[in-house]
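Peer 1: Pasting my_file-v8.cif here (mmCIF, C-alpha atoms):
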data_model
#
loop_
_atom_site.label_atom_id
_atom_site.label_comp_id
_atom_site.auth_asym_id
_atom_site.auth_seq_id
_atom_site.Cartn_x
_atom_site.Cartn_y
_atom_site.Cartn_z
CA MET A 21 -23.17 -38.61 -10.09
CA SER A 22 -23.75 -35.24 -11.67
CA ARG A 23 -23.24 -33.22 -8.50
CA THR A 24 -20.21 -33.51 -6.24
CA LEU A 25 -19.30 -31.66 -3.06
CA SER A 26 -16.84 -28.79 -3.27
CA GLY A 27 -15.05 -26.59 -0.81
CA ALA A 28 -16.92 -24.74 1.90
CA GLY A 29 -18.88 -21.75 0.70
CA GLN A 30 -18.68 -22.67 -2.99
CA GLY A 31 -21.75 -24.87 -3.41
CA PRO A 32 -21.75 -28.15 -5.35
CA ARG A 33 -19.47 -28.83 -8.28
CA LEU A 34 -21.38 -29.78 -11.40
CA ARG A 35 -20.28 -32.81 -13.41
CA PHE A 36 -21.01 -33.49 -17.08
CA ASP A 37 -20.25 -36.92 -18.58
CA GLY A 38 -20.26 -37.28 -22.34
CA TRP A 39 -18.48 -36.39 -25.55
CA ILE A 40 -17.04 -33.29 -27.21
CA ALA A 41 -16.52 -33.21 -30.98
CA GLY A 42 -14.46 -30.49 -32.66
CA VAL A 43 -14.76 -30.04 -36.42
CA GLY A 44 -13.29 -27.49 -38.81
CA THR A 45 -14.71 -26.85 -42.28
CA THR A 46 -13.22 -25.49 -45.48
CA SER A 47 -15.57 -22.47 -45.26
CA GLY A 48 -13.75 -21.40 -42.09
CA THR A 49 -16.63 -22.16 -39.71
CA ARG A 50 -15.59 -24.33 -36.77
CA VAL A 51 -18.13 -26.44 -34.88
CA VAL A 52 -17.94 -27.89 -31.36
CA VAL A 53 -20.62 -30.36 -30.28
CA GLY A 54 -21.22 -31.30 -26.65
CA HIS A 55 -23.28 -34.45 -26.07
CA TRP A 56 -24.06 -35.02 -22.39
CA PRO A 57 -26.07 -38.13 -21.47
CA ARG A 58 -25.37 -37.40 -17.79
CA SER A 59 -25.48 -33.86 -16.45
CA PRO A 60 -27.19 -31.73 -13.78
CA PHE A 61 -29.70 -30.78 -16.51
CA GLY A 62 -30.42 -34.35 -17.56
CA SER A 63 -29.43 -35.62 -20.97
CA PHE A 64 -28.86 -32.83 -23.48
CA SER A 65 -26.64 -31.71 -26.35
CA ASP A 66 -25.45 -28.26 -27.40
CA VAL A 67 -23.51 -26.80 -30.31
CA MET A 68 -21.00 -23.95 -30.42
CA LEU A 69 -20.04 -22.41 -33.76
CA GLU A 70 -17.45 -19.83 -34.67
CA ARG A 71 -17.81 -18.35 -38.14
CA ALA A 72 -14.89 -17.34 -40.33
CA ASP A 73 -15.56 -13.68 -39.41
CA GLY A 74 -15.22 -14.50 -35.70
CA GLU A 75 -18.89 -14.49 -34.64
CA ARG A 76 -19.46 -17.05 -31.88
CA LEU A 77 -22.85 -18.72 -31.63
CA LEU A 78 -24.43 -21.07 -29.10
CA LEU A 79 -27.27 -23.43 -30.06
CA ALA A 80 -28.83 -24.91 -26.91
CA PRO A 81 -32.04 -26.89 -26.41
CA THR A 82 -33.60 -25.07 -23.43
CA PRO A 83 -33.41 -21.64 -21.78
CA GLU A 84 -31.87 -23.29 -18.71
CA THR A 85 -29.01 -24.94 -20.60
CA ALA A 86 -28.52 -21.82 -22.73
CA ASP A 87 -28.19 -19.68 -19.60
CA PHE A 88 -25.69 -22.04 -18.00
CA VAL A 89 -23.51 -22.57 -21.06
CA SER A 90 -23.52 -18.88 -22.02
CA GLY A 91 -22.61 -18.03 -18.41
CA THR A 92 -19.62 -20.38 -18.59
CA TYR A 93 -18.36 -19.52 -22.11
CA VAL A 94 -18.44 -16.40 -24.31
CA PHE A 95 -20.80 -15.97 -27.28
CA ASP A 96 -21.97 -13.17 -29.50
CA THR A 97 -25.30 -14.87 -30.26
CA VAL A 98 -27.35 -17.39 -28.27
CA ARG A 99 -30.23 -19.35 -29.82
CA VAL A 100 -32.58 -21.77 -28.09
CA VAL A 101 -33.41 -24.43 -30.69
CA PRO A 102 -34.10 -28.17 -30.74
CA VAL A 103 -30.82 -30.11 -30.65
CA GLN A 104 -30.71 -33.81 -31.51
CA VAL A 105 -27.77 -36.21 -31.75
CA GLY A 106 -27.82 -39.69 -33.22
CA VAL A 107 -24.97 -42.22 -33.33
CA ALA A 108 -24.74 -45.36 -35.47
CA ASP A 109 -21.68 -47.38 -36.52
CA GLY A 110 -19.20 -44.58 -35.84
CA THR A 111 -21.25 -41.93 -37.64
CA TRP A 112 -22.76 -39.02 -35.72
CA THR A 113 -25.72 -37.01 -36.99
CA VAL A 114 -26.38 -33.65 -35.33
CA THR A 115 -29.30 -31.30 -35.97
CA ALA A 116 -29.58 -27.98 -34.14
CA GLY A 117 -32.00 -25.46 -35.58
CA THR A 118 -30.74 -24.71 -39.09
CA LEU A 119 -27.53 -26.72 -38.57
CA ALA A 120 -27.21 -30.21 -40.02
CA LEU A 121 -23.86 -31.86 -39.24
CA ARG A 122 -22.70 -35.37 -40.01
CA PHE A 123 -19.28 -36.77 -39.16
CA SER A 124 -17.57 -40.15 -38.98
CA THR A 125 -14.79 -41.29 -36.68
CA GLY A 126 -11.76 -43.42 -37.55
CA ARG A 127 -9.84 -45.98 -35.56
CA ARG A 128 -8.63 -45.03 -32.11
CA GLY A 129 -4.96 -43.97 -32.11
CA ALA A 130 -2.19 -44.37 -29.54
CA LEU A 131 -3.35 -41.39 -27.47
CA GLY A 132 -6.88 -42.74 -27.43
CA PHE A 133 -5.67 -46.10 -26.10
CA LEU A 134 -3.58 -44.30 -23.46
CA LEU A 135 -6.54 -42.21 -22.27
CA ARG A 136 -8.82 -45.24 -22.28
CA ALA A 137 -6.43 -47.06 -19.95
CA VAL A 138 -6.90 -44.42 -17.21
CA PRO A 139 -9.62 -45.53 -14.73
CA GLY A 140 -12.77 -43.46 -15.17
CA GLY A 141 -12.89 -42.54 -11.49
CA LEU A 142 -9.40 -41.06 -11.71
CA ALA A 143 -9.88 -39.32 -15.08
CA GLY A 144 -12.94 -37.53 -13.75
CA ARG A 145 -11.13 -35.97 -10.78
CA PRO A 146 -10.12 -32.29 -11.04
CA ALA A 147 -6.72 -33.16 -9.53
CA TRP A 148 -6.03 -35.44 -12.52
CA SER A 149 -6.90 -32.61 -14.91
CA VAL A 150 -4.35 -30.43 -13.14
CA LEU A 151 -1.66 -33.07 -13.76
CA THR A 152 -2.58 -33.51 -17.43
CA ASP A 153 -2.80 -29.81 -18.31
CA LEU A 154 0.87 -29.37 -19.26
CA PRO A 155 1.12 -32.60 -21.32
CA ALA A 156 -2.10 -31.63 -23.14
CA ARG A 157 -0.64 -28.24 -24.04
CA VAL A 158 2.53 -29.86 -25.39
CA LEU A 159 0.81 -32.63 -27.36
CA MET A 160 -2.11 -30.52 -28.64
CA PRO A 161 -1.35 -26.78 -28.76
CA GLY A 162 -4.36 -24.70 -27.75
CA VAL A 163 -5.87 -27.47 -25.63
CA ARG A 164 -6.09 -26.98 -21.87
CA THR A 165 -7.61 -29.27 -19.26
CA ARG A 166 -8.26 -26.66 -16.56
CA GLY A 167 -8.88 -22.94 -16.33
CA SER A 168 -11.11 -20.05 -15.38
CA ALA A 169 -14.53 -19.99 -17.00
CA GLY A 170 -17.16 -17.26 -17.16
CA SER A 171 -19.07 -15.92 -14.14
CA GLY A 172 -16.09 -16.65 -11.89
CA ARG A 173 -16.42 -20.40 -12.40
CA ARG A 174 -13.56 -22.91 -12.58
CA GLU A 175 -13.55 -25.82 -14.99
CA TRP A 176 -11.67 -29.10 -15.42
CA TYR A 177 -11.70 -31.49 -18.39
CA GLY A 178 -10.88 -35.16 -17.82
CA ALA A 179 -10.37 -36.84 -21.20
CA ARG A 180 -11.13 -40.56 -21.18
CA ASP A 181 -10.87 -41.57 -24.85
CA LEU A 182 -10.13 -40.02 -28.24
CA TRP A 183 -11.06 -40.85 -31.83
CA PRO A 184 -10.01 -38.98 -34.99
CA ILE A 185 -12.78 -37.56 -37.15
CA ARG A 186 -12.13 -38.67 -40.72
CA ALA A 187 -15.04 -37.16 -42.66
CA ALA A 188 -17.65 -34.46 -42.09
CA SER A 189 -20.33 -32.49 -43.91
CA ALA A 190 -22.32 -29.56 -42.59
CA VAL A 191 -25.02 -27.15 -43.68
CA PHE A 192 -25.90 -24.06 -41.62
CA GLU A 193 -28.63 -21.55 -42.46
CA GLY A 194 -28.95 -23.16 -45.89
CA ARG A 195 -25.26 -22.81 -46.70
CA ASP A 196 -22.92 -25.73 -47.29
CA LEU A 197 -19.95 -25.25 -44.96
CA GLY A 198 -17.64 -27.38 -47.08
CA GLY A 199 -15.54 -30.41 -46.26
CA LEU A 200 -13.55 -31.38 -43.21
CA ALA A 201 -10.63 -29.13 -42.25
CA PRO A 202 -8.45 -28.46 -39.19
CA VAL A 203 -9.94 -26.43 -36.34
CA ASP A 204 -7.83 -23.43 -37.27
CA PRO A 205 -7.74 -20.78 -35.95
CA PRO A 206 -8.60 -22.16 -32.50
CA VAL A 207 -12.12 -21.50 -31.25
CA ARG A 208 -12.50 -18.71 -28.69
CA PHE A 209 -15.44 -19.74 -26.51
CA GLY A 210 -13.44 -20.30 -23.34
CA PHE A 211 -9.94 -20.63 -21.91
CA GLY A 212 -8.92 -23.36 -24.37
CA SER A 213 -9.75 -24.83 -27.75
CA VAL A 214 -10.47 -28.33 -29.00
CA PRO A 215 -7.63 -30.21 -30.78
CA ARG A 216 -6.55 -28.74 -34.12
CA SER A 217 -7.02 -32.12 -35.79
CA PRO A 218 -10.78 -32.85 -35.80
CA ALA A 219 -11.52 -35.30 -33.01
CA LEU A 220 -14.18 -36.80 -30.78
CA THR A 221 -13.23 -36.90 -27.09
CA ARG A 222 -14.90 -38.89 -24.34
CA VAL A 223 -14.75 -36.55 -21.37
CA THR A 224 -15.87 -35.79 -17.84
CA THR A 225 -16.18 -32.05 -17.30
CA THR A 226 -16.40 -30.56 -13.81
CA VAL A 227 -17.54 -26.98 -13.20
CA ALA A 228 -17.16 -25.24 -9.87
CA PRO A 229 -19.21 -22.10 -9.11
CA ALA A 230 -17.59 -18.84 -8.16
CA PRO A 231 -16.42 -18.65 -4.54
CA ALA A 232 -18.99 -17.08 -2.23
#
Any chance you could give the structure as structure tokens?

Peer 2:
Amino acid sequence: MSRTLSGAGQGPRLRFDGWIAGVGTTSGTRVVVGHWPRSPFGSFSDVMLERADGERLLLAPTPETADFVSGTYVFDTVRVVPVQVGVADGTWTVTAGTLALRFSTGRRGALGFLLRAVPGGLAGRPAWSVLTDLPARVLMPGVRTRGSAGSGRREWYGARDLWPIRAASAVFEGRDLGGLAPVDPPVRFGFGSVPRSPALTRVTTTVAPAPA
């Protein structure tokens, strides 16, 4: 389900099931890809970039998704462009306007196996994200699994699997962004960042609207 009931007066909570990839590059640009096969907006993908100078950009496929994402996170520039994601044999290919990103994942580590062992129904519950917030902060500084989002919304991340990203290449606006690097400094789109070590996370994200 992409919509779940919330508390009285708040309207439905919105649920997004998919993947989040966080990649750093040697140019200093950091890239976060959201790929959502199941969402209140249907299947879609979006890309968030933060340049070395701090400019934050959103690349979203429709005005509707751009409005929602930019109302939940903070950006300096929002562009509505075609966004396509392809996956084959552990390699992801992402195109979003003038961005061309390709990355490959490695073997699942111990944390990935631990997350994968949690039942999906439990991992997707906001209460579970509350319990995992402190361990996430300790294990992966900068990462949070719950917090306040834009427009008075609340948000919970339920991680369900994790793979390291071992290689990446990216070109944006005709410029080669360089090789794979840590996501450092942390990205500043919302209340938390992606892991410092480039990674692909299977996740259920729940967003609650602002209280009435």

Peer 1: Would you write out, as a tab-separated table, a table of all residues in range 140-190 of chain A that have an atom no more than 8 Å from an atom of range 221-226 of chain A, listing for each the closest atom pair and the distance in Å to one decimal, considering all atoms listed in the file and ordering rows by chain and rising residue number?

Peer 2:
residue	atom	partner	partner_atom	distance
A:Ala143	CA	A:Thr224	CA	7.5
A:Gly144	CA	A:Thr224	CA	5.3
A:Pro146	CA	A:Thr226	CA	7.1
A:Glu175	CA	A:Thr226	CA	5.7
A:Trp176	CA	A:Thr226	CA	5.2
A:Tyr177	CA	A:Thr225	CA	4.6
A:Gly178	CA	A:Thr224	CA	5.0
A:Ala179	CA	A:Val223	CA	4.4
A:Arg180	CA	A:Arg222	CA	5.2
A:Asp181	CA	A:Arg222	CA	4.9
A:Leu182	CA	A:Thr221	CA	4.5
A:Trp183	CA	A:Thr221	CA	6.5

Peer 1: Which residues fall under the PyMOL selection byres ((chain A and resi 39) around 9) in this file, as a ChimeraX atom specification?

Peer 2: /A:37-38,40-41,53-57,220-224

Peer 1: Name the residues that the PyMOL selection byres ((chain A and resi 199) around 9) picks from the file above, as a short mmCIF file (atom, residue, chain, number, x, y, z; two decimals) with C-alpha atoms, in the coordinates of the input, using the file's chain letters and numbers.

Peer 2:
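Final output, selection-v9.cif:
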data_model
loop_
_atom_site.label_atom_id
_atom_site.label_comp_id
_atom_site.auth_asym_id
_atom_site.auth_seq_id
_atom_site.Cartn_x
_atom_site.Cartn_y
_atom_site.Cartn_z
CA GLY A 44 -13.29 -27.49 -38.81
CA THR A 45 -14.71 -26.85 -42.28
CA THR A 46 -13.22 -25.49 -45.48
CA SER A 47 -15.57 -22.47 -45.26
CA ALA A 187 -15.04 -37.16 -42.66
CA ALA A 188 -17.65 -34.46 -42.09
CA SER A 189 -20.33 -32.49 -43.91
CA ALA A 190 -22.32 -29.56 -42.59
CA ASP A 196 -22.92 -25.73 -47.29
CA LEU A 197 -19.95 -25.25 -44.96
CA GLY A 198 -17.64 -27.38 -47.08
CA LEU A 200 -13.55 -31.38 -43.21
CA ALA A 201 -10.63 -29.13 -42.25
#

Peer 1: Translate the PyMOL selection byres ((chain A and resi 110) around 6), as applied to the file shown, into an explicit residue set as a ChimeraX atom specification.

Peer 2: /A:108-109,111,124-125

Peer 1: Let me make sure I understand: among A:Ala156, A:Leu142, A:Val101, A:Val203, which one has the smallest atom-to-atom distance to Pro83 in chain A if we use all atoms listed in the file?

Peer 2: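 Of the candidates, the smallest distance to Pro83 in chain A is held by A:Val101.
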
Peer 1: What's the separation between CA of Pro231 in chain A and CA of Arg173 in chain A, in Å to one decimal place?

Peer 2: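 It comes out at 8.1 Å.
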
Peer 1: Taking into account only C-alpha atoms, which residue in the set A:Val100, A:Ala219, A:Leu154, A:Val207 is nearest to Leu131 in chain A?

Peer 2: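 Of all the options, A:Ala219 lies closest to Leu131 in chain A.
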
Peer 1: Quick one, how far is CA of Phe36 in chain A from CA of Arg186 in chain A?

Peer 2: 25.8 Å

Peer 1: List the spatial neighbours of range 87-91 of chain A as a PDB file with C-alpha atoms, in the frame of the given file - criterion: any atom at most 9 Å away, only C-alpha atoms, same-chain residues fewer than 6 positions off excluded.

Peer 2:
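Contents of the output file around39.pdb:
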ATOM      1  CA  ASP A  66     -25.450 -28.260 -27.400  1.00  0.00           C
ATOM      2  CA  LEU A  78     -24.430 -21.070 -29.100  1.00  0.00           C
ATOM      3  CA  ALA A  80     -28.830 -24.910 -26.910  1.00  0.00           C
ATOM      4  CA  VAL A  98     -27.350 -17.390 -28.270  1.00  0.00           C
ATOM      5  CA  ALA A 169     -14.530 -19.990 -17.000  1.00  0.00           C
ATOM      6  CA  GLY A 170     -17.160 -17.260 -17.160  1.00  0.00           C
ATOM      7  CA  SER A 171     -19.070 -15.920 -14.140  1.00  0.00           C
ATOM      8  CA  ARG A 173     -16.420 -20.400 -12.400  1.00  0.00           C
TER       9      ARG A 173
END

Peer 1: What does the distance between CA of Thr49 in chain A and CA of Ala72 in chain A come to in Å, to one decimal place?

Peer 2: 5.2 Å

Peer 1: Which residue out of A:Val107, A:Val138, A:Leu77, A:Ala230 has the minimum interatomic distance to Arg122 in chain A when only C-alpha atoms are used?

Peer 2: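 Looking at the shortest contact to Arg122 in chain A, the residue is A:Val107.
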
Peer 1: From the list A:Pro81, A:Gly42, A:Pro102, A:Pro229, which residue is nearest Thr118 in chain A when using all atoms listed in the file?

Peer 2: A:Pro102

Peer 1: Nearest to Arg157 in chain A: which of A:Val51, A:Val191, A:Ile185, A:Val214 is it, counting all atoms listed in the file?

Peer 2: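 Going through A:Val51, A:Val191, A:Ile185, A:Val214 one by one, the smallest distance to Arg157 in chain A is for A:Val214.
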
Peer 1: Just need the box for range 150-160 of chain A, edges along x, y and z, holding every atom the file lists for it with 3 Å tacked onto each side, so centre and edge lengths in Å to one decimal, as JSON.

Peer 2:
{"center_x": -0.9, "center_y": -30.9, "center_z": -20.9, "size_x": 12.9, "size_y": 11.3, "size_z": 21.5}
